[in-house]
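Have a look at entry_32.txt below; it lists compact mmCIF, C-alpha atoms and all ligand atoms.
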```txt
# COMPACT_ATOMS: atom_id res chain seq x y z
CA MET A 9 14.48 4.74 22.96
CA THR A 10 13.98 6.53 19.62
CA SER A 11 10.55 7.88 18.66
CA PRO A 12 8.25 5.39 16.90
CA ALA A 13 8.58 5.03 13.12
CA TRP A 14 5.19 5.83 11.57
CA LEU A 15 4.84 4.50 8.03
CA GLU A 16 2.74 7.22 6.41
CA SER A 17 0.68 6.80 3.26
CA TRP A 18 1.00 9.23 0.35
CA SER A 19 -1.83 11.44 -0.85
CA PRO A 20 -3.16 10.36 -4.29
CA ASP A 21 -1.71 13.52 -5.81
CA ASP A 22 1.70 12.88 -4.34
CA GLY A 23 1.70 9.27 -5.53
CA ALA A 24 0.59 10.29 -9.03
CA GLN A 25 3.23 12.99 -9.26
CA ARG A 26 5.97 10.59 -8.22
CA VAL A 27 5.18 8.11 -10.98
CA ARG A 28 4.63 10.79 -13.62
CA ASP A 29 8.09 12.19 -12.83
CA LEU A 30 9.65 8.74 -12.80
CA PHE A 31 8.00 7.91 -16.14
CA GLY A 32 9.48 11.06 -17.71
CA ARG A 33 12.94 10.18 -16.40
CA SER A 34 12.73 6.49 -17.34
CA PHE A 35 11.21 6.83 -20.82
CA PRO A 36 12.10 10.35 -22.02
CA ALA A 37 11.54 9.51 -25.70
CA VAL A 38 7.97 8.17 -25.63
CA GLY A 39 5.89 11.10 -24.35
CA ALA A 40 3.56 11.26 -21.37
CA PRO A 41 1.95 8.16 -19.82
CA ASP A 42 -1.66 7.38 -20.77
CA GLY A 43 -2.58 7.76 -17.13
CA VAL A 44 -1.86 6.89 -13.51
CA TRP A 45 -3.51 4.06 -11.60
CA SER A 46 -3.06 2.79 -8.08
CA ALA A 47 -4.04 -0.09 -5.83
CA PRO A 48 -3.92 -0.60 -2.05
CA GLY A 49 -2.17 -3.10 0.16
CA ARG A 50 -4.41 -4.83 2.70
CA VAL A 51 -4.70 -6.04 6.24
CA ASN A 52 -6.77 -9.08 7.05
CA LEU A 53 -8.95 -8.62 10.14
CA ILE A 54 -9.45 -12.36 10.57
CA GLY A 55 -9.63 -15.55 8.47
CA GLU A 56 -5.99 -16.48 7.91
CA HIS A 57 -4.80 -19.35 5.70
CA THR A 58 -8.43 -20.05 4.91
CA ASP A 59 -8.66 -18.73 1.33
CA TYR A 60 -6.94 -21.71 -0.33
CA ASN A 61 -9.15 -23.95 1.81
CA GLY A 62 -12.37 -22.59 0.32
CA GLY A 63 -12.96 -20.58 3.52
CA LEU A 64 -13.76 -17.07 4.75
CA ALA A 65 -11.46 -14.06 5.20
CA LEU A 66 -12.19 -10.45 6.11
CA PRO A 67 -9.62 -7.99 4.71
CA THR A 68 -9.74 -4.20 4.46
CA ALA A 69 -7.81 -2.02 2.00
CA LEU A 70 -4.99 0.10 3.41
CA PRO A 71 -4.53 3.80 2.66
CA HIS A 72 -1.05 2.75 1.50
CA ARG A 73 -1.02 2.24 -2.27
CA THR A 74 1.17 1.26 -5.20
CA TYR A 75 1.12 3.76 -8.07
CA VAL A 76 1.65 2.91 -11.72
CA ALA A 77 2.09 5.28 -14.68
CA LEU A 78 1.65 3.35 -17.92
CA ARG A 79 1.69 4.00 -21.63
CA ARG A 80 0.42 1.50 -24.12
CA ARG A 81 2.73 0.44 -26.96
CA ASP A 82 1.88 -0.75 -30.45
CA ASP A 83 4.23 -3.75 -30.27
CA ASP A 84 4.44 -6.49 -27.61
CA VAL A 85 7.43 -5.12 -25.71
CA VAL A 86 7.05 -4.55 -21.95
CA ARG A 87 9.51 -2.16 -20.30
CA LEU A 88 9.34 -1.48 -16.59
CA ALA A 89 11.10 0.74 -14.09
CA SER A 90 10.57 1.02 -10.35
CA ALA A 91 11.54 3.62 -7.77
CA GLN A 92 12.39 0.62 -5.58
CA ALA A 93 15.00 -0.60 -8.13
CA PRO A 94 16.65 2.64 -9.24
CA GLY A 95 18.47 2.61 -12.56
CA GLU A 96 17.23 -0.83 -13.61
CA LEU A 97 15.05 -1.43 -16.65
CA TRP A 98 13.09 -4.71 -16.65
CA GLN A 99 12.20 -5.77 -20.18
CA THR A 100 10.47 -8.61 -21.95
CA ARG A 101 8.17 -9.36 -24.87
CA LEU A 102 4.67 -10.59 -24.11
CA ALA A 103 5.31 -13.53 -26.44
CA ASP A 104 8.09 -14.64 -24.08
CA VAL A 105 5.98 -14.52 -20.89
CA ALA A 106 5.01 -17.96 -19.65
CA PRO A 107 5.10 -19.92 -16.38
CA GLY A 108 8.74 -20.30 -15.37
CA ALA A 109 10.02 -18.06 -18.18
CA VAL A 110 10.26 -14.70 -16.39
CA THR A 111 11.68 -13.87 -12.99
CA GLY A 112 11.98 -10.91 -10.63
CA TRP A 113 9.39 -8.28 -9.74
CA GLY A 114 8.52 -7.75 -13.41
CA ALA A 115 6.95 -11.22 -13.43
CA TYR A 116 4.10 -9.89 -11.27
CA VAL A 117 3.45 -7.17 -13.86
CA ALA A 118 3.97 -9.08 -17.10
CA GLY A 119 2.04 -11.98 -15.54
CA VAL A 120 -1.11 -9.84 -15.35
CA ALA A 121 -0.90 -9.03 -19.08
CA TRP A 122 -0.27 -12.73 -19.76
CA ALA A 123 -3.32 -13.78 -17.70
CA LEU A 124 -5.60 -11.22 -19.36
CA ALA A 125 -4.44 -12.45 -22.76
CA LYS A 126 -5.16 -16.05 -21.64
CA ASP A 127 -8.69 -14.89 -20.79
CA GLY A 128 -9.08 -13.82 -24.42
CA HIS A 129 -8.40 -10.10 -24.08
CA ASP A 130 -6.34 -8.31 -26.69
CA VAL A 131 -3.43 -6.89 -24.67
CA SER A 132 -0.43 -5.12 -26.23
CA GLY A 133 2.96 -4.19 -24.78
CA PHE A 134 3.48 -1.16 -22.55
CA ASP A 135 5.99 1.05 -20.80
CA ALA A 136 5.30 1.45 -17.08
CA VAL A 137 6.87 2.75 -13.89
CA VAL A 138 6.01 1.89 -10.32
CA ASP A 139 6.36 3.53 -6.94
CA SER A 140 4.78 2.48 -3.67
CA CYS A 141 4.22 3.39 -0.06
CA VAL A 142 3.00 -0.12 0.77
CA PRO A 143 5.73 -1.42 3.07
CA PHE A 144 7.60 -4.08 1.12
CA GLY A 145 7.88 -7.60 2.52
CA ALA A 146 5.71 -6.63 5.50
CA GLY A 147 2.89 -9.09 4.80
CA LEU A 148 0.68 -6.21 3.66
CA SER A 149 0.30 -7.46 0.08
CA SER A 150 2.70 -5.24 -1.78
CA SER A 151 2.71 -7.80 -4.60
CA ALA A 152 -1.08 -7.85 -4.92
CA ALA A 153 -1.08 -4.03 -4.90
CA LEU A 154 1.36 -4.10 -7.82
CA GLU A 155 -0.64 -6.68 -9.80
CA CYS A 156 -3.95 -4.93 -9.17
CA ALA A 157 -2.65 -1.45 -10.11
CA VAL A 158 -1.37 -2.93 -13.38
CA ALA A 159 -4.67 -4.78 -13.90
CA VAL A 160 -6.79 -1.61 -13.69
CA ALA A 161 -4.27 0.23 -15.89
CA LEU A 162 -4.42 -2.44 -18.62
CA ASP A 163 -8.20 -2.64 -18.23
CA GLU A 164 -8.49 1.05 -19.00
CA VAL A 165 -5.93 1.44 -21.80
CA HIS A 166 -7.45 -1.58 -23.60
CA GLN A 167 -11.02 -0.55 -22.78
CA LEU A 168 -11.88 -3.94 -21.31
CA GLY A 169 -14.48 -2.38 -19.01
CA LEU A 170 -13.83 -4.91 -16.24
CA ALA A 171 -12.98 -2.46 -13.46
CA ALA A 172 -16.33 -0.72 -13.95
CA ASP A 173 -18.33 -3.15 -11.80
CA ASP A 174 -17.78 -5.71 -9.08
CA ALA A 175 -18.27 -8.76 -11.31
CA GLY A 176 -15.65 -7.40 -13.72
CA ARG A 177 -13.36 -6.73 -10.79
CA ALA A 178 -13.77 -10.35 -9.72
CA ALA A 179 -12.51 -11.32 -13.21
CA LEU A 180 -9.50 -9.03 -12.72
CA VAL A 181 -8.89 -10.73 -9.35
CA SER A 182 -8.69 -14.10 -11.14
CA ALA A 183 -6.20 -12.71 -13.67
CA CYS A 184 -4.00 -11.32 -10.90
CA VAL A 185 -4.13 -14.60 -8.97
CA ARG A 186 -3.07 -16.51 -12.09
CA ALA A 187 -0.24 -14.04 -12.62
CA GLU A 188 0.97 -14.63 -9.07
CA ASN A 189 0.43 -18.41 -8.98
CA GLU A 190 1.52 -19.34 -12.48
CA VAL A 191 3.97 -16.67 -13.65
CA ALA A 192 5.49 -15.35 -10.42
CA GLY A 193 5.31 -18.83 -8.88
CA ALA A 194 3.82 -17.95 -5.46
CA PRO A 195 1.06 -20.46 -4.59
CA THR A 196 -1.12 -17.91 -2.73
CA GLY A 197 -4.86 -18.10 -2.32
CA GLY A 198 -6.50 -14.96 -3.75
CA MET A 199 -7.61 -13.03 -0.67
CA ASP A 200 -5.04 -10.26 -1.26
CA GLN A 201 -6.10 -9.55 -4.84
CA ALA A 202 -9.79 -9.62 -3.86
CA ALA A 203 -9.02 -7.10 -1.11
CA SER A 204 -7.06 -4.77 -3.37
CA LEU A 205 -9.63 -4.77 -6.19
CA ARG A 206 -12.93 -5.17 -4.34
CA CYS A 207 -12.68 -3.58 -0.87
CA THR A 208 -14.35 -0.19 -0.50
CA ALA A 209 -13.72 2.71 1.87
CA GLY A 210 -15.39 2.28 5.23
CA HIS A 211 -15.91 -1.44 4.66
CA ALA A 212 -14.22 -4.76 5.13
CA LEU A 213 -14.78 -7.39 2.44
CA LEU A 214 -16.08 -10.80 3.43
CA VAL A 215 -14.17 -12.99 0.97
CA ASP A 216 -15.78 -16.39 0.50
CA SER A 217 -13.46 -18.70 -1.43
CA ARG A 218 -15.81 -21.69 -1.63
CA PRO A 219 -15.23 -23.19 -5.10
CA GLY A 220 -17.90 -22.45 -7.68
CA LEU A 221 -19.42 -19.32 -6.13
CA SER A 222 -20.53 -16.47 -8.37
CA ALA A 223 -18.60 -13.20 -8.29
CA LEU A 224 -21.36 -11.67 -6.19
CA GLU A 225 -21.28 -14.48 -3.63
CA SER A 226 -17.48 -14.46 -3.36
CA GLY A 227 -17.18 -10.92 -1.96
CA THR A 228 -19.59 -9.08 0.34
CA PRO A 229 -18.90 -5.60 1.73
CA VAL A 230 -19.27 -5.40 5.52
CA PRO A 231 -19.50 -1.85 6.95
CA PHE A 232 -16.50 -1.46 9.25
CA ASP A 233 -16.39 1.94 10.86
CA LEU A 234 -14.44 1.98 14.11
CA GLU A 235 -14.91 5.67 14.82
CA PRO A 236 -18.28 5.53 16.63
CA ALA A 237 -16.74 2.96 19.00
CA ARG A 238 -13.68 5.23 19.46
CA LEU A 239 -11.45 2.40 18.24
CA THR A 240 -8.63 2.24 15.74
CA LEU A 241 -6.78 -0.49 13.91
CA LEU A 242 -3.07 -0.30 14.56
CA VAL A 243 -0.72 -2.22 12.25
CA VAL A 244 2.76 -3.14 13.43
CA ASP A 245 5.34 -4.09 10.81
CA THR A 246 7.75 -6.29 12.74
CA ARG A 247 10.38 -5.83 10.02
CA ALA A 248 11.09 -9.54 10.35
CA GLU A 249 11.69 -10.88 6.86
CA HIS A 250 8.65 -12.55 5.31
CA ALA A 251 8.56 -14.36 1.99
CA LEU A 252 5.78 -16.31 0.31
CA VAL A 253 7.73 -17.87 -2.52
CA ASP A 254 9.57 -20.03 -0.01
CA GLY A 255 8.57 -23.56 0.89
CA GLN A 256 6.65 -23.00 4.13
CA TYR A 257 3.52 -21.48 2.62
CA ALA A 258 3.40 -24.13 -0.10
CA GLU A 259 3.92 -26.83 2.53
CA ARG A 260 0.93 -25.58 4.59
CA ARG A 261 -1.23 -25.53 1.48
CA ALA A 262 -0.15 -29.03 0.47
CA SER A 263 -0.92 -30.38 3.98
CA CYS A 264 -4.43 -28.95 3.81
CA GLU A 265 -5.01 -30.44 0.38
CA ARG A 266 -3.76 -33.82 1.59
CA ALA A 267 -6.05 -33.67 4.64
CA ALA A 268 -9.04 -32.74 2.45
CA SER A 269 -8.33 -35.64 0.15
CA LEU A 270 -7.97 -38.08 3.07
CA LEU A 271 -11.30 -36.83 4.41
CA GLY A 272 -12.94 -37.14 1.00
CA VAL A 273 -13.95 -33.46 0.77
CA GLU A 274 -13.19 -30.93 -1.96
CA THR A 275 -11.74 -28.38 0.47
CA LEU A 276 -11.51 -28.11 4.27
CA ARG A 277 -14.42 -25.64 4.08
CA ASP A 278 -16.56 -28.73 3.76
CA VAL A 279 -15.64 -29.80 7.30
CA ALA A 280 -18.30 -28.14 9.46
CA PRO A 281 -17.28 -27.12 13.02
CA GLU A 282 -19.52 -29.85 14.48
CA ALA A 283 -17.77 -32.41 12.24
CA LEU A 284 -14.28 -31.38 13.38
CA GLU A 285 -13.85 -33.96 16.14
CA GLY A 286 -14.89 -36.78 13.80
CA ALA A 287 -12.52 -35.51 11.10
CA LEU A 288 -9.63 -35.46 13.57
CA VAL A 289 -10.35 -39.05 14.57
CA ALA A 290 -10.51 -40.08 10.89
CA LEU A 291 -7.13 -38.49 10.20
CA GLU A 292 -5.36 -40.15 13.14
CA PRO A 293 -4.16 -43.32 11.34
CA HIS A 294 -2.57 -41.19 8.58
CA ASP A 295 -1.04 -38.63 10.89
CA PRO A 296 1.53 -40.12 13.30
CA ASP A 297 2.94 -36.74 14.39
CA GLY A 298 -0.39 -34.90 14.61
CA VAL A 299 0.62 -32.22 12.11
CA LEU A 300 -2.30 -32.72 9.75
CA ARG A 301 -4.77 -32.63 12.64
CA ARG A 302 -3.34 -29.36 13.94
CA ARG A 303 -3.56 -27.79 10.47
CA VAL A 304 -7.16 -28.93 10.03
CA ARG A 305 -8.14 -27.71 13.49
CA HIS A 306 -6.77 -24.26 12.69
CA VAL A 307 -8.58 -23.99 9.36
CA VAL A 308 -11.96 -25.20 10.61
CA THR A 309 -11.93 -23.08 13.79
CA GLU A 310 -10.60 -20.02 11.93
CA ILE A 311 -13.43 -20.13 9.41
CA ALA A 312 -15.90 -20.32 12.31
CA ARG A 313 -14.19 -17.39 14.08
CA THR A 314 -14.43 -15.32 10.90
CA ALA A 315 -18.17 -15.94 10.68
CA GLN A 316 -18.54 -14.98 14.36
CA PHE A 317 -16.47 -11.82 13.86
CA VAL A 318 -18.68 -10.74 10.94
CA ALA A 319 -21.83 -11.43 12.95
CA LEU A 320 -20.58 -9.25 15.82
CA VAL A 321 -19.59 -6.41 13.47
CA ARG A 322 -22.96 -6.53 11.69
CA ASP A 323 -24.65 -6.48 15.08
CA GLY A 324 -22.82 -3.26 16.07
CA ARG A 325 -20.73 -5.17 18.65
CA VAL A 326 -17.24 -4.48 17.31
CA THR A 327 -15.94 -3.89 20.84
CA GLU A 328 -16.48 -7.63 21.43
CA VAL A 329 -14.27 -9.02 18.63
CA GLY A 330 -10.99 -8.87 20.58
CA PRO A 331 -11.12 -12.42 22.01
CA LEU A 332 -11.69 -13.80 18.48
CA MET A 333 -8.56 -12.01 17.29
CA ASN A 334 -6.53 -13.37 20.19
CA ALA A 335 -7.85 -16.88 19.58
CA SER A 336 -7.00 -16.58 15.89
CA HIS A 337 -3.44 -15.67 16.77
CA ALA A 338 -3.07 -18.54 19.23
CA SER A 339 -4.36 -20.96 16.60
CA LEU A 340 -1.96 -19.63 13.95
CA ARG A 341 0.90 -19.84 16.43
CA ASP A 342 0.21 -23.25 17.98
CA ASP A 343 -1.76 -25.24 15.39
CA TYR A 344 -0.77 -23.71 12.07
CA GLU A 345 2.77 -22.80 13.21
CA VAL A 346 3.15 -19.73 10.98
CA SER A 347 3.81 -17.08 13.63
CA ALA A 348 7.22 -15.72 14.56
CA ARG A 349 8.80 -14.54 17.79
CA GLU A 350 8.37 -10.90 16.69
CA LEU A 351 4.66 -11.37 15.89
CA ASP A 352 4.02 -13.04 19.26
CA LEU A 353 5.81 -10.18 20.95
CA VAL A 354 3.59 -7.57 19.26
CA VAL A 355 0.44 -9.49 20.19
CA ASP A 356 1.43 -10.11 23.81
CA SER A 357 2.71 -6.61 24.45
CA ALA A 358 -0.20 -4.88 22.68
CA VAL A 359 -2.79 -6.89 24.59
CA GLY A 360 -0.84 -6.33 27.81
CA ALA A 361 -0.95 -2.58 27.12
CA GLY A 362 -4.73 -2.54 26.71
CA ALA A 363 -5.47 -3.54 23.10
CA LEU A 364 -8.89 -5.22 22.86
CA GLY A 365 -7.36 -7.93 20.68
CA ALA A 366 -4.36 -8.54 18.46
CA ARG A 367 -3.17 -11.07 15.90
CA MET A 368 -0.70 -11.64 13.13
CA THR A 369 -2.11 -10.69 9.71
CA GLY A 370 -1.29 -12.18 6.31
CA GLY A 371 0.84 -15.21 5.60
CA GLY A 372 3.01 -15.00 8.72
CA PHE A 373 6.62 -16.12 9.29
CA GLY A 374 7.36 -12.45 10.01
CA GLY A 375 5.50 -9.54 8.47
CA SER A 376 2.85 -7.59 10.36
CA ALA A 377 0.44 -7.87 13.25
CA ILE A 378 -2.73 -5.87 13.92
CA ALA A 379 -4.17 -4.62 17.17
CA LEU A 380 -7.62 -3.24 17.87
CA VAL A 381 -6.98 -0.31 20.17
CA ARG A 382 -9.04 2.40 21.89
CA VAL A 383 -8.12 5.75 20.32
CA GLU A 384 -6.89 7.08 23.64
CA ASP A 385 -4.62 4.04 24.14
CA VAL A 386 -2.78 4.15 20.79
CA GLU A 387 0.20 6.04 22.12
CA THR A 388 0.59 3.73 25.12
CA VAL A 389 0.33 0.60 23.00
CA VAL A 390 2.89 1.93 20.51
CA THR A 391 5.30 2.84 23.30
CA VAL A 392 4.93 -0.53 25.01
CA VAL A 393 5.39 -2.52 21.77
CA GLN A 394 8.41 -0.46 20.83
CA ALA A 395 9.94 -0.92 24.29
CA ALA A 396 9.35 -4.69 24.12
CA PHE A 397 11.28 -4.85 20.83
CA ASP A 398 14.02 -2.70 22.27
CA ASP A 399 14.34 -4.92 25.37
CA ALA A 400 14.49 -8.02 23.17
CA GLY A 401 17.28 -6.50 21.07
CA LEU A 402 15.10 -6.55 17.92
CA THR A 403 15.03 -4.03 15.06
CA ALA A 404 12.53 -1.25 15.86
CA PRO A 405 9.09 -2.02 14.34
CA GLY A 406 7.13 0.30 12.03
CA PHE A 407 3.58 1.47 12.83
CA LEU A 408 0.68 2.50 10.68
CA LEU A 409 -3.03 3.16 11.07
CA ALA A 410 -5.41 1.31 8.81
CA PRO A 411 -8.77 3.03 8.19
CA PRO A 412 -10.62 0.88 5.57
CA SER A 413 -9.72 2.57 2.30
CA ALA A 414 -10.50 2.63 -1.42
CA PRO A 415 -9.85 -0.14 -3.95
CA ALA A 416 -7.71 -0.14 -7.08
CA LEU A 417 -8.61 2.68 -9.47
C1 LIG B 501 -0.90 -14.56 2.00
C2 LIG B 501 -1.58 -15.08 0.73
C3 LIG B 501 -3.09 -15.11 0.89
C4 LIG B 501 -3.51 -15.83 2.18
C5 LIG B 501 -2.69 -15.30 3.36
C6 LIG B 501 -2.96 -16.07 4.62
O1 LIG B 501 -1.24 -13.23 2.19
O2 LIG B 501 -1.25 -14.26 -0.36
O3 LIG B 501 -3.67 -15.72 -0.25
O4 LIG B 501 -3.39 -17.20 2.05
O5 LIG B 501 -1.30 -15.33 3.11
O6 LIG B 501 -4.26 -15.87 5.03
```
Go ahead and express the file in the form of structure tokens.
Ligand code: GLA
Amino acid sequence: MTSPAWLESWSPDDGAQRVRDLFGRSFPAVGAPDGVWSAPGRVNLIGEHTDYNGGLALPTALPHRTYVALRRRDDDVVRLASAQAPGELWQTRLADVAPGAVTGWGAYVAGVAWALAKDGHDVSGFDAVVDSCVPFGAGLSSSAALECAVAVALDEVHQLGLAADDAGRAALVSACVRAENEVAGAPTGGMDQAASLRCTAGHALLVDSRPGLSALESGTPVPFDLEPARLTLLVVDTRAEHALVDGQYAERRASCERAASLLGVETLRDVAPEALEGALVALEPHDPDGVLRRRVRHVVTEIARTAQFVALVRDGRVTEVGPLMNASHASLRDDYEVSARELDLVVDSAVGAGALGARMTGGGFGGSAIALVRVEDVETVVTVVQAAFDDAGLTAPGFLLAPPSAPAL
């Protein structure tokens, strides 16, 4: 067996240097960029597929970040280059950006400028380059990291002042979500952008997506320091392809919206845990195959687990959250049906090797899983997971450690 592949993060200086160099090579005629900005990917500790149901989620920011070097232009042209697409120049005019009108990775970037303009901000064109150590397609929010790095860059070069405080950051979150939903066409829920813009080092962010909440109510920092408990958060990138623009995610969201409408509530958040059994009975006549009831059961129990997880963490009892993680995974696998063979294998083998708890993280259908592991057990867990993949004939997974890190800046 080969040695485990650790997916290291870059130092801020290294990331900045990479994009400064790339900017010089990509746009030699325009001079230096106005600056360098960056934004993290995320892992979600618990609260999966709850955000678009008005529910709770608990992400932390990764040390892995997407870096952007950007220079404002006087016209409305947007030109983009990426280290991940060598030799290609993505180009548009802001006047041509609209839902359905732009495609490819540039839509996530131009979409942010479009959304800020829709919010009434005066945004001009720009030249920008991108490089990233957020594993791509690993369910660790590489697209949100891209949007959020661009959002803080545009905020600064246009002196919007939004990134300066948490309420302004919440406004940037909304712009990034609109970019992703409306311009890039991925019907995601907003947890990723909230994590990338509003998480802080040493903390998780309790994201409350209940409609109508104020910025302050929608994101609450929760101190999350695993060191005193001698624990660490291990992330395993299964390297199984994961895509959100495909039909499965949208189908889950549509089922939840249908169930909410049948139950006469705005979102499934309005179904309290004690009302779950009654809701399931009410859905029965409309749900011959039981799919809607399974989806609802996942969402309602997952929101409750998230609240319990936060209560334990706040109470200094982080060593007790493992069973909640395992239950979350089982619910995503059996009721929400968004896991994958590779994710189940990580969870089963990590728990078998001594992890306190483990679960898939993010949208699912591939992507990454997390495991809460005693520091002294990390090596064993990594070896056991890697061996399980090897035995199953699967591509070797990637590993990374996820201390709660800084937001977009
Ligand atoms: C993806 C989406 C998020 C959220 C998660 C599942 O990451 O972008 O909005 O719905 O899936 O929790």
Considering all atoms listed in the file, return as a JSON list (two decimals) with C-alpha atoms, in the coordinates of the input whatever protein or nucleic-acid residues lie within 10 Å of segment 259-264 of chain A, sequence-local ones (same chain, fewer than 3 positions apart) excluded.
```json
[["chain", "number", "residue", "atom", "x", "y", "z"],
["A", 57, "HIS", "CA", -4.80, -19.35, 5.70],
["A", 58, "THR", "CA", -8.43, -20.05, 4.91],
["A", 60, "TYR", "CA", -6.94, -21.71, -0.33],
["A", 61, "ASN", "CA", -9.15, -23.95, 1.81],
["A", 195, "PRO", "CA", 1.06, -20.46, -4.59],
["A", 196, "THR", "CA", -1.12, -17.91, -2.73],
["A", 197, "GLY", "CA", -4.86, -18.10, -2.32],
["A", 254, "ASP", "CA", 9.57, -20.03, -0.01],
["A", 255, "GLY", "CA", 8.57, -23.56, 0.89],
["A", 256, "GLN", "CA", 6.65, -23.00, 4.13],
["A", 267, "ALA", "CA", -6.05, -33.67, 4.64],
["A", 268, "ALA", "CA", -9.04, -32.74, 2.45],
["A", 269, "SER", "CA", -8.33, -35.64, 0.15],
["A", 270, "LEU", "CA", -7.97, -38.08, 3.07],
["A", 275, "THR", "CA", -11.74, -28.38, 0.47],
["A", 276, "LEU", "CA", -11.51, -28.11, 4.27],
["A", 299, "VAL", "CA", 0.62, -32.22, 12.11],
["A", 300, "LEU", "CA", -2.30, -32.72, 9.75],
["A", 301, "ARG", "CA", -4.77, -32.63, 12.64],
["A", 303, "ARG", "CA", -3.56, -27.79, 10.47],
["A", 304, "VAL", "CA", -7.16, -28.93, 10.03],
["A", 307, "VAL", "CA", -8.58, -23.99, 9.36],
["A", 344, "TYR", "CA", -0.77, -23.71, 12.07],
["A", 345, "GLU", "CA", 2.77, -22.80, 13.21],
["A", 346, "VAL", "CA", 3.15, -19.73, 10.98]]
```
Out of A:Thr309, A:Thr369, A:Asn189, A:Ser347, which residue has the shortest atom-to-atom distance to Val243 of chain A when counting only C-alpha atoms?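 The closest residue to Val243 of chain A is A:Thr369.
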What are the nearest atom pairs, with distances in Å to one decimal, for all residues of segment 107-223 of chain A that come at most 12 Å from segment 378-393 of chain A, using all atoms listed in the file, set out by chain and rising residue number as a tab-separated table?
```
residue	atom	partner	partner_atom	distance
A:Ala146	CA	A:Ile378	CA	11.9
A:Gly147	CA	A:Ile378	CA	11.2
A:Leu148	CA	A:Ile378	CA	10.8
```
Can you tell me, as a ChimeraX atom specification, which residues sit within 12 Å of (-3.4, -6.7, 18.1) in the file's frame, using only C-alpha atoms? /A:51-54,240-245,329-338,351-369,376-382,386,389-390,393,407
Please, what distance in Å, to one decimal, runs between atom CA of Asp398 of chain A and atom CA of Leu15 of chain A?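 These atoms are spaced 18.4 Å apart.
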Mind giving me the straight-line distance from atom CA of Ala115 of chain A to atom CA of Thr100 of chain A in Å, one decimal?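 Rounded to one decimal, the two atoms are 9.6 Å apart.
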Just give me the residues with any atom within 12 Å of (12.8, -4.0, 15.3), file coordinates, counting only C-alpha atoms, written as an MDAnalysis selection string. chainID A and resid 9:10 12:13 244:249 349:351 353:354 374:376 393:407
Work out where the centre of an axis-aligned box around every listed atom of ligand LIG 501 (chain B) lies and how long its edges are once 4 Å is added on each side; give both in Å to one decimal as lines of an AutoDock Vina configuration file.
```
center_x = -2.6
center_y = -15.2
center_z = 2.3
size_x = 11.4
size_y = 12.0
size_z = 13.4
```
Test item: residues at most 10 Å from Arg81 of chain A, only C-alpha atoms, excluding those fewer than 6 positions along its chain, as a PDB file with C-alpha atoms, in the frame of the given file:
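Written file, selection-v7.pdb:
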```pdb
ATOM      1  CA  VAL A  38       7.970   8.170 -25.630  1.00  0.00           C
ATOM      2  CA  ARG A  87       9.510  -2.160 -20.300  1.00  0.00           C
ATOM      3  CA  VAL A 131      -3.430  -6.890 -24.670  1.00  0.00           C
ATOM      4  CA  SER A 132      -0.430  -5.120 -26.230  1.00  0.00           C
ATOM      5  CA  GLY A 133       2.960  -4.190 -24.780  1.00  0.00           C
ATOM      6  CA  PHE A 134       3.480  -1.160 -22.550  1.00  0.00           C
ATOM      7  CA  ASP A 135       5.990   1.050 -20.800  1.00  0.00           C
TER       8      ASP A 135
END
```
Long-range neighbours of Ala69 of chain A as a ChimeraX atom specification, 7 Å cut-off, only C-alpha atoms, 2 positions minimum in chain: /A:48-51,67,71,203-204,207,412-415
Grab the residues selected above and save them as a PDB file, keeping the file's coordinate frame with C-alpha atoms.
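The resulting out12.pdb:
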```pdb
ATOM      1  CA  PRO A  48      -3.920  -0.600  -2.050  1.00  0.00           C
ATOM      2  CA  GLY A  49      -2.170  -3.100   0.160  1.00  0.00           C
ATOM      3  CA  ARG A  50      -4.410  -4.830   2.700  1.00  0.00           C
ATOM      4  CA  VAL A  51      -4.700  -6.040   6.240  1.00  0.00           C
ATOM      5  CA  PRO A  67      -9.620  -7.990   4.710  1.00  0.00           C
ATOM      6  CA  PRO A  71      -4.530   3.800   2.660  1.00  0.00           C
ATOM      7  CA  ALA A 203      -9.020  -7.100  -1.110  1.00  0.00           C
ATOM      8  CA  SER A 204      -7.060  -4.770  -3.370  1.00  0.00           C
ATOM      9  CA  CYS A 207     -12.680  -3.580  -0.870  1.00  0.00           C
ATOM     10  CA  PRO A 412     -10.620   0.880   5.570  1.00  0.00           C
ATOM     11  CA  SER A 413      -9.720   2.570   2.300  1.00  0.00           C
ATOM     12  CA  ALA A 414     -10.500   2.630  -1.420  1.00  0.00           C
ATOM     13  CA  PRO A 415      -9.850  -0.140  -3.950  1.00  0.00           C
TER      14      PRO A 415
END
```
Between A:Arg186, A:Arg302, A:Arg177, A:Arg80, which has the minimum distance to ligand LIG 501 (chain B) (counting all atoms listed in the file)?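 Looking at the shortest contact to ligand LIG 501 (chain B), the residue is A:Arg186.
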Excluding Ala315 of chain A and any residue of its chain fewer than 6 positions from it, enumerate the residues within 9 Å of it, using only C-alpha atoms, and give them as JSON, numbers by chain. {"A": [55, 64, 65]}
Quick one: residues within 12 Å of segment 34-36 of chain A, only C-alpha atoms, excluding same-chain residues fewer than 6 positions away - as a list in words?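 Using only C-alpha atoms, the neighbours found are Val27, Arg28, Ala77, Leu78, Arg79, Arg87, Leu88, Ala89, Ser90, Ala91, Ala93, Pro94, Gly95, Glu96, Leu97, Trp98, Phe134, Asp135, Ala136, Val137 and Val138 of chain A.
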Counting all atoms listed in the file, which residue out of A:Pro411, A:Gly145, A:Gly272, A:Pro231 sits closest to ligand LIG 501 (chain B)?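 Looking only at the distances to ligand LIG 501 (chain B), the closest residue turns out to be A:Gly145.
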In terms of the shortest atom-to-atom distance over only C-alpha atoms, which of A:Leu70, A:Leu162, A:Ala103, A:Leu234 is closest to Asp83 of chain A?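 Comparing A:Leu70, A:Leu162, A:Ala103, A:Leu234 against Asp83 of chain A, the winner is A:Ala103.
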